[in-house]
There are 2 protein chains.
Amino acid sequence: MSGAQQQTLLDVETPCLVLDVEKMDQNVRRLNETIAAKGVTYRPHLKTAKSVDIAKRILPSPACPVAVSTLREAEIFAVAGFTDILYAVGIAPGKLARVIRLRETGVDLSVILDSVDQARAVAEASVASGNRISAFIEIDSDGHRGGVAPDDETTLAAIADILGPQAALRGIMTHAGSSYSSRSRAEVNAWAARERDAVVAAATMLRKRGHGVPVVSAGSTPTALSDVELPGVTEVRAGVSMFFDLVQAGIGICEVEDIALSVLTTVIGHQRERKQFIVDAGWMALSRDRGTAAQPADRKYGVVCDIEGRVLKDVLVLDANQEHGMVGLREGSDAPLPDFPLGARLRILPNHACATAAQHDAYRVVRGGRSPVVEALWPRFGGW
Amino acid sequence: MSGAQQQTLLDVETPCLVLDVEKMDQNVRRLNETIAAKGVTYRPHLKTAKSVDIAKRILPSPACPVAVSTLREAEIFAVAGFTDILYAVGIAPGKLARVIRLRETGVDLSVILDSVDQARAVAEASVASGNRISAFIEIDSDGHRGGVAPDDETTLAAIADILGPQAALRGIMTHAGSSYSSRSRAEVNAWAARERDAVVAAATMLRKRGHGVPVVSAGSTPTALSDVELPGVTEVRAGVSMFFDLVQAGIGICEVEDIALSVLTTVIGHQRERKQFIVDAGWMALSRDRGTAAQPADRKYGVVCDIEGRVLKDVLVLDANQEHGMVGLREGSDAPLPDFPLGARLRILPNHACATAAQHDAYRVVRGGRSPVVEALWPRFGGW
């Protein structure tokens, strides 16, 4: 896009998803510096971006490791040239045929598992196909979802023994999703230490039993940016960190000004007696995610900014219907509600980048806060 | 799909969206009978289905009136042959060029508005294009979103006068979205009466002032199925009513067994000490909608059924991450948690049909509860 055809945020249809590429670049740089200082590798979780353009921009080479949350992501990033892909959701036996089809194209697609039943299925599928599937054992470091307890030596050893000669034990991994409910940097650091201690303990134990454990993987956006050193960990995974969002700002892991993602919207009505106006971004454009509801500062359906991305003090999307956002002041605010005319354009910062981005099929790429020129349209995909 | 290629719910990839077409047909029949007995027309809101296959199945002819929530819906249903389309979200002046382009193909696309500024923009665009845009004035019958107060004669008359000779005042419309928070049939009936009284009062007043008001439109899924008679109303709009969902069941407007939509999922792990198991339907497949949270019976992220759609007593998706659903018993239940093996398939009923369906790009169509044969794949679309 250039010259006379150049679109700005005043021309594009609303609602749509806007990506400030300068902020994203800065966020990725910050993560890389944090991780490099700890001597570990970055395995970005591409479930947040779901965009080949973004994956290629943030990684120096398609040989770099990546994580995905669906097999469709794995297939699309494989076609784009990525070769070390971790499918980071517990594997179901019925999905192994699809895993093998992709591995047979030369991609090292790894699966994760936390049970003897899954290990048997992976070993059998490996033998049957003659393709040794890479597998990570998932460790439960926070009691919030899946994984083997880090001290459950019986189960860990049984899984490793079954994978043994048939499949390939690629590593140990964990994700402390509970870190998202942290309220301070100290809590984030505590979760990072728990992740580290859990995977290092499991890897050490399995190595003592004679198993090779090349990769020791941990991470979530908060813990990836913690102050904790990571001896014994080889790689860190994080997805939201490239965009950030209001939940991460609420934890204190970034500033609101670091958030690279927003939803562009248009004012479509006023209810001045109720001190509200209505925009064309409802929950279909913003998602139903209310991740800040449990935080000290509830941002409702999102923080409202002007078209250049400057935060409007205390102005929130207070409620949302499918295609309507009701905008007003946060409870207790003494700020004046700005009176935008019909047709005015605003940008809304998301509670949760993964959820909001998932409602859209492309990123409108802008640079910095001052220029609303749309430099590129980067498609994104969904589905399974 | 037939013969050897016939897929069942055991073969398709999970997670995916399943539509029980027999239940949908029965729900549509019920709505049609209710509305016909009141002598009004059905204008289905297609924002829930977003599927040409479904629109054609539930309507006897593409000449029947329909409502949509985005201009993309209007464009797709126009290509499919529909000619009377109401875009039921307050119009922004910047969208009128797109409205006119569609109207110039011969489709009677109507817009809605609730301000003098919008009326001026519609009148000006009509004059400039030589195409008299159809417009509905939106009435606020419940104080929850947009619309002119039904007794605000000054604004109503000003809007009608501005539309006057340039555009076409097609009608008056309202939507009592607050009916979704009803707790009883009596409350639903009260909202239906408020919708009716609001639009009939506004239409009567404008007619006395010499304006033609051919269409008087009201509706939401709860109020469309109320016991209230609707003299003076000419049409009723409803979207969820063709599928139903747990929110509507919680209001008492349908039974859980009437819900035609579900998400097919696979068991991918167990946490037996926590009395939970994990499925591959997280909020990406279920949506973040927690519409039942405010109801007496909170269904968390959805009610779990077996593969034939039979409800499993007290089994809910208690929490959800992006691609993980954590399944267990509702608080206080004394039912046993069924122990499904790894790879078992289940179906999850949605809190909110519009939100859950929006997470998918197709319906897997099945018939009745007993046969898991996938009879058809009906695409659905999103975006704006």
# chains A, B, ... in the order shown; residues from 1 in each chain; ligands from 1

call {"tool": "interface_residues", "arguments": {"of": "chain A", "to": "chain B", "cutoff": "7 Å", "atoms": "only C-alpha atoms", "output": "PyMOL selection string"}}
result
chain A and resi 69+90-94+146+268-269+271+288-289+323+342-343+360+383

call {"tool": "write_last_selection", "arguments": {"atoms": "N, CA, C and O atoms", "output": "PDB file, in the first residue's frame"}}
result
ATOM      1  N   SER A  69      -1.216 -23.992  19.425  1.00  0.00           N
ATOM      2  CA  SER A  69      -2.283 -24.547  20.265  1.00  0.00           C
ATOM      3  C   SER A  69      -3.255 -25.414  19.480  1.00  0.00           C
ATOM      4  O   SER A  69      -4.176 -25.978  20.069  1.00  0.00           O
ATOM      5  N   GLY A  90      -2.452 -31.240  25.317  1.00  0.00           N
ATOM      6  CA  GLY A  90      -2.394 -32.698  25.516  1.00  0.00           C
ATOM      7  C   GLY A  90      -2.924 -33.456  24.295  1.00  0.00           C
ATOM      8  O   GLY A  90      -4.016 -33.177  23.802  1.00  0.00           O
ATOM      9  N   ILE A  91      -2.150 -34.441  23.844  1.00  0.00           N
ATOM     10  CA  ILE A  91      -2.494 -35.108  22.596  1.00  0.00           C
ATOM     11  C   ILE A  91      -3.608 -36.142  22.819  1.00  0.00           C
ATOM     12  O   ILE A  91      -3.595 -36.882  23.800  1.00  0.00           O
ATOM     13  N   ALA A  92      -4.579 -36.175  21.910  1.00  0.00           N
ATOM     14  CA  ALA A  92      -5.588 -37.244  21.883  1.00  0.00           C
ATOM     15  C   ALA A  92      -5.124 -38.266  20.849  1.00  0.00           C
ATOM     16  O   ALA A  92      -4.616 -37.889  19.785  1.00  0.00           O
ATOM     17  N   PRO A  93      -5.294 -39.562  21.135  1.00  0.00           N
ATOM     18  CA  PRO A  93      -4.847 -40.593  20.182  1.00  0.00           C
ATOM     19  C   PRO A  93      -5.403 -40.370  18.777  1.00  0.00           C
ATOM     20  O   PRO A  93      -4.698 -40.583  17.787  1.00  0.00           O
ATOM     21  N   GLY A  94      -6.640 -39.899  18.681  1.00  0.00           N
ATOM     22  CA  GLY A  94      -7.266 -39.693  17.381  1.00  0.00           C
ATOM     23  C   GLY A  94      -6.593 -38.616  16.540  1.00  0.00           C
ATOM     24  O   GLY A  94      -6.896 -38.476  15.351  1.00  0.00           O
ATOM     25  N   GLY A 146      -3.512 -29.383  33.339  1.00  0.00           N
ATOM     26  CA  GLY A 146      -3.000 -30.736  33.155  1.00  0.00           C
ATOM     27  C   GLY A 146      -1.598 -30.895  33.701  1.00  0.00           C
ATOM     28  O   GLY A 146      -1.036 -29.995  34.319  1.00  0.00           O
ATOM     29  N   ILE A 268     -21.551   5.357  17.011  1.00  0.00           N
ATOM     30  CA  ILE A 268     -22.794   5.189  16.250  1.00  0.00           C
ATOM     31  C   ILE A 268     -24.029   5.703  16.985  1.00  0.00           C
ATOM     32  O   ILE A 268     -25.146   5.598  16.467  1.00  0.00           O
ATOM     33  N   GLY A 269     -23.853   6.249  18.177  1.00  0.00           N
ATOM     34  CA  GLY A 269     -25.019   6.788  18.866  1.00  0.00           C
ATOM     35  C   GLY A 269     -24.634   7.390  20.204  1.00  0.00           C
ATOM     36  O   GLY A 269     -23.524   7.185  20.701  1.00  0.00           O
ATOM     37  N   GLN A 271     -26.251   8.377  24.255  1.00  0.00           N
ATOM     38  CA  GLN A 271     -27.303   8.366  25.270  1.00  0.00           C
ATOM     39  C   GLN A 271     -26.826   9.345  26.329  1.00  0.00           C
ATOM     40  O   GLN A 271     -26.340   8.967  27.392  1.00  0.00           O
ATOM     41  N   ARG A 288     -15.659 -11.771  24.509  1.00  0.00           N
ATOM     42  CA  ARG A 288     -16.366 -11.754  25.785  1.00  0.00           C
ATOM     43  C   ARG A 288     -15.389 -11.820  26.958  1.00  0.00           C
ATOM     44  O   ARG A 288     -15.810 -11.952  28.102  1.00  0.00           O
ATOM     45  N   ASP A 289     -14.080 -11.774  26.675  1.00  0.00           N
ATOM     46  CA  ASP A 289     -13.097 -11.940  27.747  1.00  0.00           C
ATOM     47  C   ASP A 289     -13.151 -10.765  28.713  1.00  0.00           C
ATOM     48  O   ASP A 289     -13.002  -9.615  28.307  1.00  0.00           O
ATOM     49  N   GLU A 323     -22.856  -6.376  18.652  1.00  0.00           N
ATOM     50  CA  GLU A 323     -22.208  -5.380  17.786  1.00  0.00           C
ATOM     51  C   GLU A 323     -22.301  -3.969  18.362  1.00  0.00           C
ATOM     52  O   GLU A 323     -22.155  -2.995  17.621  1.00  0.00           O
ATOM     53  N   LEU A 342     -21.044  11.731  16.254  1.00  0.00           N
ATOM     54  CA  LEU A 342     -21.403  10.583  15.426  1.00  0.00           C
ATOM     55  C   LEU A 342     -20.341  10.407  14.342  1.00  0.00           C
ATOM     56  O   LEU A 342     -19.966  11.369  13.664  1.00  0.00           O
ATOM     57  N   GLY A 343     -19.846   9.182  14.180  1.00  0.00           N
ATOM     58  CA  GLY A 343     -18.861   8.911  13.134  1.00  0.00           C
ATOM     59  C   GLY A 343     -17.422   9.026  13.605  1.00  0.00           C
ATOM     60  O   GLY A 343     -16.500   8.620  12.884  1.00  0.00           O
ATOM     61  N   HIS A 360     -10.980 -11.686  14.829  1.00  0.00           N
ATOM     62  CA  HIS A 360     -10.693 -10.948  13.592  1.00  0.00           C
ATOM     63  C   HIS A 360      -9.920 -11.806  12.604  1.00  0.00           C
ATOM     64  O   HIS A 360      -9.235 -12.741  13.000  1.00  0.00           O
ATOM     65  N   GLY A 383      -9.705 -21.571  13.684  1.00  0.00           N
ATOM     66  CA  GLY A 383     -10.106 -22.952  13.421  1.00  0.00           C
ATOM     67  C   GLY A 383      -9.130 -23.969  13.950  1.00  0.00           C
ATOM     68  O   GLY A 383      -8.127 -23.635  14.583  1.00  0.00           O
TER      69      GLY A 383
END

call {"tool": "select_by_dssp", "arguments": {"residues": "stretch 56-283 of chain A", "states": "strand (DSSP E)", "output": "PyMOL selection string"}}
result
chain A and resi 66-68+84-90+108-113+134-139+168-174+215-218+235-238+261-271+276-279

call {"tool": "closest_atom_pairs", "arguments": {"of": "stretch 218-301 of chain B", "to": "stretch 181-200 of chain B", "cutoff": "6 Å", "atoms": "only C-alpha atoms", "output": "JSON lines"}}
result
{"residue": "B:Thr223", "atom": "CA", "partner": "B:Ala192", "partner_atom": "CA", "distance": 4.7}
{"residue": "B:Ser226", "atom": "CA", "partner": "B:Asn189", "partner_atom": "CA", "distance": 5.3}
{"residue": "B:Val228", "atom": "CA", "partner": "B:Asn189", "partner_atom": "CA", "distance": 5.9}
{"residue": "B:Gly232", "atom": "CA", "partner": "B:Val200", "partner_atom": "CA", "distance": 5.8}
{"residue": "B:Ile251", "atom": "CA", "partner": "B:Arg183", "partner_atom": "CA", "distance": 5.2}

call {"tool": "residues_around", "arguments": {"residues": "A:Arg367", "least_positions_apart": "6", "cutoff": "10 Å", "atoms": "only C-alpha atoms", "output": "ChimeraX atom specification"}}
result
/A:19-24,260,373-375

call {"tool": "select_by_dssp", "arguments": {"residues": "stretch 39-282 of chain B", "states": "helix (DSSP H, G or I)", "output": "PyMOL selection string"}}
result
chain B and resi 52-58+71-79+93-103+116-129+153-163+177-181+185-208+221-224+240-242+246-251+256-258+272-274
